Amino acid sequence: MSVEERSLVRKIDFFIMPIICIIDFLQFLDKSTINYAAALDFKEDLRLVGNQYSLIGSIFYLGYLTYQIPNNYFLQKVPVGRYLGIIVFLWGTVLACTAAGTNFSQIAAMRFLLGFFEAGVYPSLTLLVSTFYRRSEQAARLGAFWICNGVALVIGGLITYGIDSMGNARGMPKWKWIMIILGSITAFMGVFSFFFLIDNPKSPALNLNAEQEILVEERTRDNAVVRTQSVKKEQIIEALKEVRFWCFCFSCLLMNLQNGAMTIYNTQFAMGFGFTGLQAVLLSVGAGAADIVFIVAAIYIVNKTKQTIYTAVGLMIIDIIGIILLEVIPNQHAKLVGFYLAWSYCAAYVLMVTSVSNNVSGYTKKIFYNGVIMIFYTLGNFCGPLMIVDSQAPNYIGGMIGYICANTIVVILLLVARYQMAAINRTRLNTSPDVMTSVEDDLSDLQDPNFLYRL
C-alpha cells in the first residue's frame, strides 16, 4: 500500500469508524437492557408471569422484521449518514420512554418500537464498510464494530453494578435508570451522526488531494460498490436463484437462534450456575471479553490464512463443544467454561457477514442480500428465546439440544456456500475473459467474468 493510500485509509478510519463502532455498541447495549434489568427486579415490578419475559425479548425482533422492506427502500434512496442519524435518535427516544412502562403490554409495545427503529442499523453499517474499504480491509473493519458487542456486554455489566449501588435511586425502580441513561446517550448520538457521519468516499470532509481522488476510483473498483438509486430487478432475481444465497440466509437464521437466547438470558444462565443476580451481571463482563477474544482471533486467522469460511466453521465447532460442556459438566460454577466457549458463534457470524460483503457485487444485489439476510437474522432471534422453557431451568436441555442441532446444520451450509464460490473461481481462472469490465457498470458478481470470490 502506497503512502498516499495509507493516508487515505487513516482519514476514512478517523471519520467513520469511531461513529460506526459507537452506534453498534449502543444498539447492542440498548437491545440488551432487559437482560440487565432482570437483575434489578424488572420481572417483579412488572409482575411478569409464565413466558412473558421471553415474549418481551422476542417481540423486539418482530419490530425488526417489520422494518426490513422499508429499510431496503431507504438505503437505496436516502443518504446513509442522514438516515442512520434519524433512526438512532428515534430508537434512543423509545428506549428512554420505556422507563414509563408499568406493565407487560406497555413494555412489549416499546420493545416492538425499539426493534423497529434498530432494524436499519446492521445493513447500513455493513453497507458503509463495503463502500469505503477494499475487500481485503473489510474483515478487520467489520470485526472492529462487532467487537463493540463484546465491549457492550462488559460496559453493560459495569453500568448495572453502578446503578445497583445508587441507594434509593431517587425513589424510582433501578431498572428504569438503565433505560433513561442509555436512551438519552443514544438519542444524542443520533443527532451527532446526522450531522457528522459521512457516507460518500468522495466527501469534502476527507479533503482529498488529486492522487487520493484517483485512489478512491481504484478502491471503488476493488470493493465493487457504486451507489445508484436505480433498482435492478435482474440482480434480485439472480440472487434468489443462487444456492449460496439460501445457504447464507438459513445459516444466519440458525446461528441466531442461540444469539436471541444469549442476548436476553445471559444473566439468567449465570444465575442458574449458582450465582446471585448481581454476580451474574458481573459475569457478563467475562462473556463480553470472550466475545472480543474470539473476534480478534478470527480476524487474525483470516488475515493469515485468507480462509474466511473455514475459520467460521471452526468457530461454530467450538460453539457446539461449548454448549455440550454447558450441559455435561456437573459442577455448576465450572459450567462457565462452556458458557464462555459458546460465545464463539459471534465471531463466526462476523465472518459470515464479511463473506457476504466481500463476495456480492452490484448495488441492488448487495442491498437485497443484506436485507433478506437480516430478515432471517430477525426470525432466528425471535424464535431463539422461545426455545428456553422456564420449567427446564437451570440446564434448559431442550433449548440447548436445539442450538447444537442448528449449529451443526450451519457448518454444513457454510461449506456448501464455499464449495459453490470455489467452483466458479476455478472456472474463471481457467478461462481468460476477453471482456474488460468497469465498476461504473454496476455489474453483479455473476455478471462480471473478472470477479473472483474471497473464500
# chains A, B, ... in the order shown; residues from 1 in each chain; ligands from 1
$ closest_atom_pairs --of "range 282-399 of chain A" --to "range 250-262 of chain A" --cutoff "6 Å" --atoms "only C-alpha atoms" --output "tab-separated table"
residue	atom	partner	partner_atom	distance
A:Phe376	CA	A:Leu253	CA	4.8
A:Tyr377	CA	A:Leu253	CA	5.0
A:Gly380	CA	A:Leu253	CA	4.3
A:Asn381	CA	A:Gly260	CA	4.1
A:Gly384	CA	A:Leu257	CA	3.9
A:Pro385	CA	A:Ala261	CA	4.4
$ write_last_selection --atoms "all heavy atoms" --output "PDB file, in the first residue's frame"
ATOM      1  N   PHE A 376     -33.842 -13.096   7.972  1.00  0.00           N
ATOM      2  CA  PHE A 376     -33.560 -14.399   8.580  1.00  0.00           C
ATOM      3  C   PHE A 376     -32.890 -14.226   9.952  1.00  0.00           C
ATOM      4  O   PHE A 376     -33.153 -15.010  10.876  1.00  0.00           O
ATOM      5  CB  PHE A 376     -32.687 -15.236   7.643  1.00  0.00           C
ATOM      6  CG  PHE A 376     -33.470 -15.900   6.539  1.00  0.00           C
ATOM      7  CD1 PHE A 376     -33.874 -15.170   5.433  1.00  0.00           C
ATOM      8  CD2 PHE A 376     -33.815 -17.236   6.610  1.00  0.00           C
ATOM      9  CE1 PHE A 376     -34.605 -15.767   4.409  1.00  0.00           C
ATOM     10  CE2 PHE A 376     -34.549 -17.851   5.599  1.00  0.00           C
ATOM     11  CZ  PHE A 376     -34.943 -17.105   4.492  1.00  0.00           C
ATOM     12  N   TYR A 377     -32.047 -13.202  10.079  1.00  0.00           N
ATOM     13  CA  TYR A 377     -31.450 -12.850  11.373  1.00  0.00           C
ATOM     14  C   TYR A 377     -32.556 -12.565  12.393  1.00  0.00           C
ATOM     15  O   TYR A 377     -32.507 -13.031  13.543  1.00  0.00           O
ATOM     16  CB  TYR A 377     -30.562 -11.629  11.176  1.00  0.00           C
ATOM     17  CG  TYR A 377     -30.082 -10.934  12.436  1.00  0.00           C
ATOM     18  CD1 TYR A 377     -28.878 -11.288  13.032  1.00  0.00           C
ATOM     19  CD2 TYR A 377     -30.818  -9.895  13.002  1.00  0.00           C
ATOM     20  CE1 TYR A 377     -28.425 -10.638  14.174  1.00  0.00           C
ATOM     21  CE2 TYR A 377     -30.368  -9.236  14.140  1.00  0.00           C
ATOM     22  CZ  TYR A 377     -29.172  -9.611  14.724  1.00  0.00           C
ATOM     23  OH  TYR A 377     -28.737  -8.952  15.848  1.00  0.00           O
ATOM     24  N   GLY A 380     -34.478 -15.781  13.422  1.00  0.00           N
ATOM     25  CA  GLY A 380     -33.696 -16.581  14.357  1.00  0.00           C
ATOM     26  C   GLY A 380     -33.727 -15.999  15.760  1.00  0.00           C
ATOM     27  O   GLY A 380     -33.941 -16.714  16.744  1.00  0.00           O
ATOM     28  N   ASN A 381     -33.519 -14.689  15.859  1.00  0.00           N
ATOM     29  CA  ASN A 381     -33.519 -14.042  17.172  1.00  0.00           C
ATOM     30  C   ASN A 381     -34.908 -14.027  17.807  1.00  0.00           C
ATOM     31  O   ASN A 381     -35.023 -14.019  19.043  1.00  0.00           O
ATOM     32  CB  ASN A 381     -32.988 -12.609  17.037  1.00  0.00           C
ATOM     33  CG  ASN A 381     -31.475 -12.547  17.001  1.00  0.00           C
ATOM     34  OD1 ASN A 381     -30.805 -12.736  18.009  1.00  0.00           O
ATOM     35  ND2 ASN A 381     -30.924 -12.307  15.824  1.00  0.00           N
ATOM     36  N   GLY A 384     -35.390 -17.881  18.930  1.00  0.00           N
ATOM     37  CA  GLY A 384     -34.405 -18.407  19.874  1.00  0.00           C
ATOM     38  C   GLY A 384     -34.809 -18.344  21.335  1.00  0.00           C
ATOM     39  O   GLY A 384     -34.744 -19.365  22.046  1.00  0.00           O
ATOM     40  N   PRO A 385     -35.260 -17.177  21.838  1.00  0.00           N
ATOM     41  CA  PRO A 385     -35.646 -17.107  23.256  1.00  0.00           C
ATOM     42  C   PRO A 385     -36.835 -18.002  23.601  1.00  0.00           C
ATOM     43  O   PRO A 385     -36.964 -18.459  24.744  1.00  0.00           O
ATOM     44  CB  PRO A 385     -36.021 -15.625  23.434  1.00  0.00           C
ATOM     45  CG  PRO A 385     -35.301 -14.906  22.345  1.00  0.00           C
ATOM     46  CD  PRO A 385     -35.292 -15.857  21.188  1.00  0.00           C
TER      47      PRO A 385
END
$ residues_around --residues "range 265-274 of chain A" --least-positions-apart "4" --cutoff "7 Å" --atoms "only C-alpha atoms" --output "PyMOL selection string"
chain A and resi 35+261+280-281+284+332-333+335+394
$ residues_around --residues "range 188-193 of chain A" --least-positions-apart "2" --cutoff "6 Å" --atoms "only C-alpha atoms" --output "PyMOL selection string"
chain A and resi 85+88-89+185-186+195-197
$ residues_around --residues "Ala109 in chain A" --least-positions-apart "3" --cutoff "10 Å" --atoms "only C-alpha atoms" --output "JSON, numbers by chain"
{"A": [56, 59, 60, 63, 98, 101, 104, 105, 106, 112, 113, 114]}
$ residues_around --residues "range 157-166 of chain A" --least-positions-apart "3" --cutoff "7 Å" --atoms "only C-alpha atoms" --output "mmCIF file with C-alpha atoms, in the first residue's frame"
data_model
loop_
_atom_site.group_PDB
_atom_site.id
_atom_site.type_symbol
_atom_site.label_atom_id
_atom_site.label_comp_id
_atom_site.auth_asym_id
_atom_site.auth_seq_id
_atom_site.Cartn_x
_atom_site.Cartn_y
_atom_site.Cartn_z
ATOM 1 C CA TYR A 36 -29.602 -6.279 32.891
ATOM 2 C CA LEU A 153 -21.506 -6.740 27.417
ATOM 3 C CA VAL A 154 -18.609 -5.565 29.576
ATOM 4 C CA ALA A 169 -32.248 5.616 43.241
ATOM 5 C CA LYS A 174 -33.424 0.912 39.432
ATOM 6 C CA LEU A 278 -25.548 -9.007 40.698
ATOM 7 C CA VAL A 281 -24.463 -9.456 35.813
ATOM 8 C CA LEU A 282 -20.746 -9.061 36.511
ATOM 9 C CA SER A 284 -21.407 -10.866 31.633
ATOM 10 C CA VAL A 285 -18.136 -8.914 31.668
#
$ closest_residue --among "A:Phe368, A:Tyr310, A:Phe28, A:Trp175" --to "Ala239 in chain A" --atoms "only C-alpha atoms"
A:Phe368
$ residues_around --residues "Val80 in chain A" --least-positions-apart "4" --cutoff "12 Å" --atoms "only C-alpha atoms" --output "PyMOL selection string"
chain A and resi 16+20+71-76+84-88+120-129+131+193-200+227
$ write_last_selection --atoms "N, CA, C and O atoms" --output "compact mmCIF listing (two decimals), in the first residue's frame"
# COMPACT_ATOMS: atom_id res chain seq x y z
N ILE A 16 -15.16 7.72 9.94
CA ILE A 16 -16.35 6.88 10.03
C ILE A 16 -16.28 5.76 11.07
O ILE A 16 -17.30 5.42 11.68
N ILE A 20 -19.27 4.52 13.59
CA ILE A 20 -19.83 3.20 13.33
C ILE A 20 -19.73 2.32 14.58
O ILE A 20 -20.70 1.65 14.97
N ASN A 71 -36.60 -0.56 5.10
CA ASN A 71 -35.18 -0.26 5.25
C ASN A 71 -34.45 -0.42 3.92
O ASN A 71 -33.61 0.42 3.56
N ASN A 72 -34.74 -1.49 3.17
CA ASN A 72 -34.09 -1.68 1.87
C ASN A 72 -34.40 -0.52 0.93
O ASN A 72 -33.52 -0.06 0.20
N TYR A 73 -35.62 -0.03 0.96
CA TYR A 73 -36.01 1.10 0.10
C TYR A 73 -35.22 2.35 0.49
O TYR A 73 -34.65 3.04 -0.38
N PHE A 74 -35.17 2.65 1.79
CA PHE A 74 -34.49 3.87 2.24
C PHE A 74 -32.98 3.81 1.96
O PHE A 74 -32.37 4.83 1.63
N LEU A 75 -32.37 2.62 2.09
CA LEU A 75 -30.95 2.50 1.81
C LEU A 75 -30.64 2.81 0.35
O LEU A 75 -29.56 3.31 0.02
N GLN A 76 -31.60 2.49 -0.54
CA GLN A 76 -31.39 2.76 -1.96
C GLN A 76 -31.63 4.23 -2.30
O GLN A 76 -31.01 4.78 -3.20
N LEU A 84 -29.09 7.04 9.10
CA LEU A 84 -28.67 6.44 10.37
C LEU A 84 -28.89 7.39 11.53
O LEU A 84 -29.36 6.98 12.61
N GLY A 85 -28.57 8.66 11.33
CA GLY A 85 -28.77 9.63 12.40
C GLY A 85 -30.22 9.68 12.88
O GLY A 85 -30.49 9.73 14.09
N ILE A 86 -31.16 9.63 11.94
CA ILE A 86 -32.59 9.69 12.29
C ILE A 86 -33.02 8.47 13.07
O ILE A 86 -33.66 8.57 14.12
N ILE A 87 -32.67 7.26 12.57
CA ILE A 87 -33.18 6.07 13.26
C ILE A 87 -32.49 5.87 14.61
O ILE A 87 -33.11 5.36 15.56
N VAL A 88 -31.23 6.28 14.73
CA VAL A 88 -30.55 6.18 16.04
C VAL A 88 -31.23 7.10 17.05
O VAL A 88 -31.49 6.71 18.20
N GLY A 120 -32.59 -0.97 10.98
CA GLY A 120 -31.80 -0.49 9.85
C GLY A 120 -30.31 -0.40 10.12
O GLY A 120 -29.53 -0.10 9.21
N VAL A 121 -29.89 -0.70 11.35
CA VAL A 121 -28.51 -0.42 11.73
C VAL A 121 -27.50 -1.34 11.04
O VAL A 121 -26.58 -0.87 10.36
N TYR A 122 -27.63 -2.66 11.22
CA TYR A 122 -26.62 -3.56 10.67
C TYR A 122 -26.47 -3.45 9.15
O TYR A 122 -25.35 -3.36 8.64
N PRO A 123 -27.60 -3.45 8.39
CA PRO A 123 -27.43 -3.29 6.94
C PRO A 123 -26.75 -1.96 6.57
O PRO A 123 -25.93 -1.92 5.65
N SER A 124 -27.07 -0.90 7.30
CA SER A 124 -26.48 0.41 6.99
C SER A 124 -24.99 0.43 7.29
O SER A 124 -24.18 0.92 6.49
N LEU A 125 -24.60 -0.10 8.45
CA LEU A 125 -23.19 -0.10 8.83
C LEU A 125 -22.37 -0.99 7.89
O LEU A 125 -21.26 -0.65 7.48
N THR A 126 -22.93 -2.16 7.55
CA THR A 126 -22.24 -3.07 6.63
C THR A 126 -22.07 -2.43 5.26
O THR A 126 -21.01 -2.55 4.63
N LEU A 127 -23.10 -1.72 4.81
CA LEU A 127 -23.04 -1.04 3.51
C LEU A 127 -21.97 0.05 3.53
O LEU A 127 -21.22 0.23 2.56
N LEU A 128 -21.86 0.78 4.62
CA LEU A 128 -20.83 1.82 4.73
C LEU A 128 -19.43 1.22 4.64
O LEU A 128 -18.56 1.73 3.92
N VAL A 129 -19.20 0.13 5.36
CA VAL A 129 -17.88 -0.51 5.35
C VAL A 129 -17.56 -1.02 3.94
O VAL A 129 -16.44 -0.83 3.44
N THR A 131 -18.62 0.11 1.20
CA THR A 131 -18.49 1.25 0.29
C THR A 131 -17.12 1.91 0.40
O THR A 131 -16.54 2.31 -0.61
N SER A 193 -24.61 11.87 14.69
CA SER A 193 -24.41 11.11 13.45
C SER A 193 -25.06 11.81 12.26
O SER A 193 -24.52 11.80 11.15
N PHE A 194 -26.23 12.38 12.49
CA PHE A 194 -26.95 13.05 11.41
C PHE A 194 -26.09 14.14 10.77
O PHE A 194 -26.07 14.30 9.54
N PHE A 195 -25.34 14.84 11.57
CA PHE A 195 -24.55 15.97 11.05
C PHE A 195 -23.11 15.60 10.67
O PHE A 195 -22.52 16.26 9.81
N PHE A 196 -22.55 14.54 11.27
CA PHE A 196 -21.11 14.31 11.09
C PHE A 196 -20.73 12.98 10.45
O PHE A 196 -19.55 12.79 10.12
N LEU A 197 -21.66 12.04 10.26
CA LEU A 197 -21.30 10.76 9.64
C LEU A 197 -21.31 10.90 8.12
O LEU A 197 -22.33 11.20 7.52
N ILE A 198 -20.14 10.70 7.50
CA ILE A 198 -20.06 10.81 6.04
C ILE A 198 -20.41 9.46 5.41
O ILE A 198 -20.21 8.40 6.02
N ASP A 199 -20.96 9.48 4.21
CA ASP A 199 -21.35 8.24 3.55
C ASP A 199 -20.90 8.16 2.10
O ASP A 199 -21.33 7.30 1.34
N ASN A 200 -20.01 9.07 1.71
CA ASN A 200 -19.52 9.12 0.33
C ASN A 200 -17.99 9.14 0.35
O ASN A 200 -17.40 10.02 0.99
N ARG A 227 -22.75 3.50 -5.61
CA ARG A 227 -24.11 3.85 -5.19
C ARG A 227 -24.94 4.28 -6.38
O ARG A 227 -24.52 5.06 -7.23
$ select_by_dssp --residues "range 12-66 of chain A" --states "alpha helix (DSSP H)" --output "count of residues only"
45
$ atom_distance --atom1 "CA of Asn359 in chain A" --atom2 "CA of Asp445 in chain A"
7.2 Å
$ atom_distance --atom1 "CA of Ile22 in chain A" --atom2 "CA of Leu283 in chain A"
22.7 Å
$ closest_residue --among "A:Ile309, A:Ala119, A:Val372, A:Leu326" --to "Tyr67 in chain A" --atoms "only C-alpha atoms"
A:Ala119
$ closest_residue --among "A:Ile404, A:Ala108, A:Ala99, A:Gly143" --to "Ala37 in chain A" --atoms "only C-alpha atoms"
A:Ala99
$ closest_residue --among "A:Ile424, A:Val360, A:Ala298, A:Ala38" --to "Met316 in chain A" --atoms "only C-alpha atoms"
A:Ala298
$ closest_residue --among "A:Gln52, A:Ser32, A:Gln420, A:Thr354" --to "Trp246 in chain A" --atoms "only C-alpha atoms"
A:Gln420
$ closest_residue --among "A:Arg82, A:Arg47, A:Lys176, A:Arg10" --to "Asn103 in chain A" --atoms "only C-alpha atoms"
A:Arg47
$ residues_around --residues "Gly50 in chain A" --least-positions-apart "4" --cutoff "10 Å" --atoms "only C-alpha atoms" --output "list in words"
Ser54, Leu55, Val389, Asp390 and Ser391 of chain A
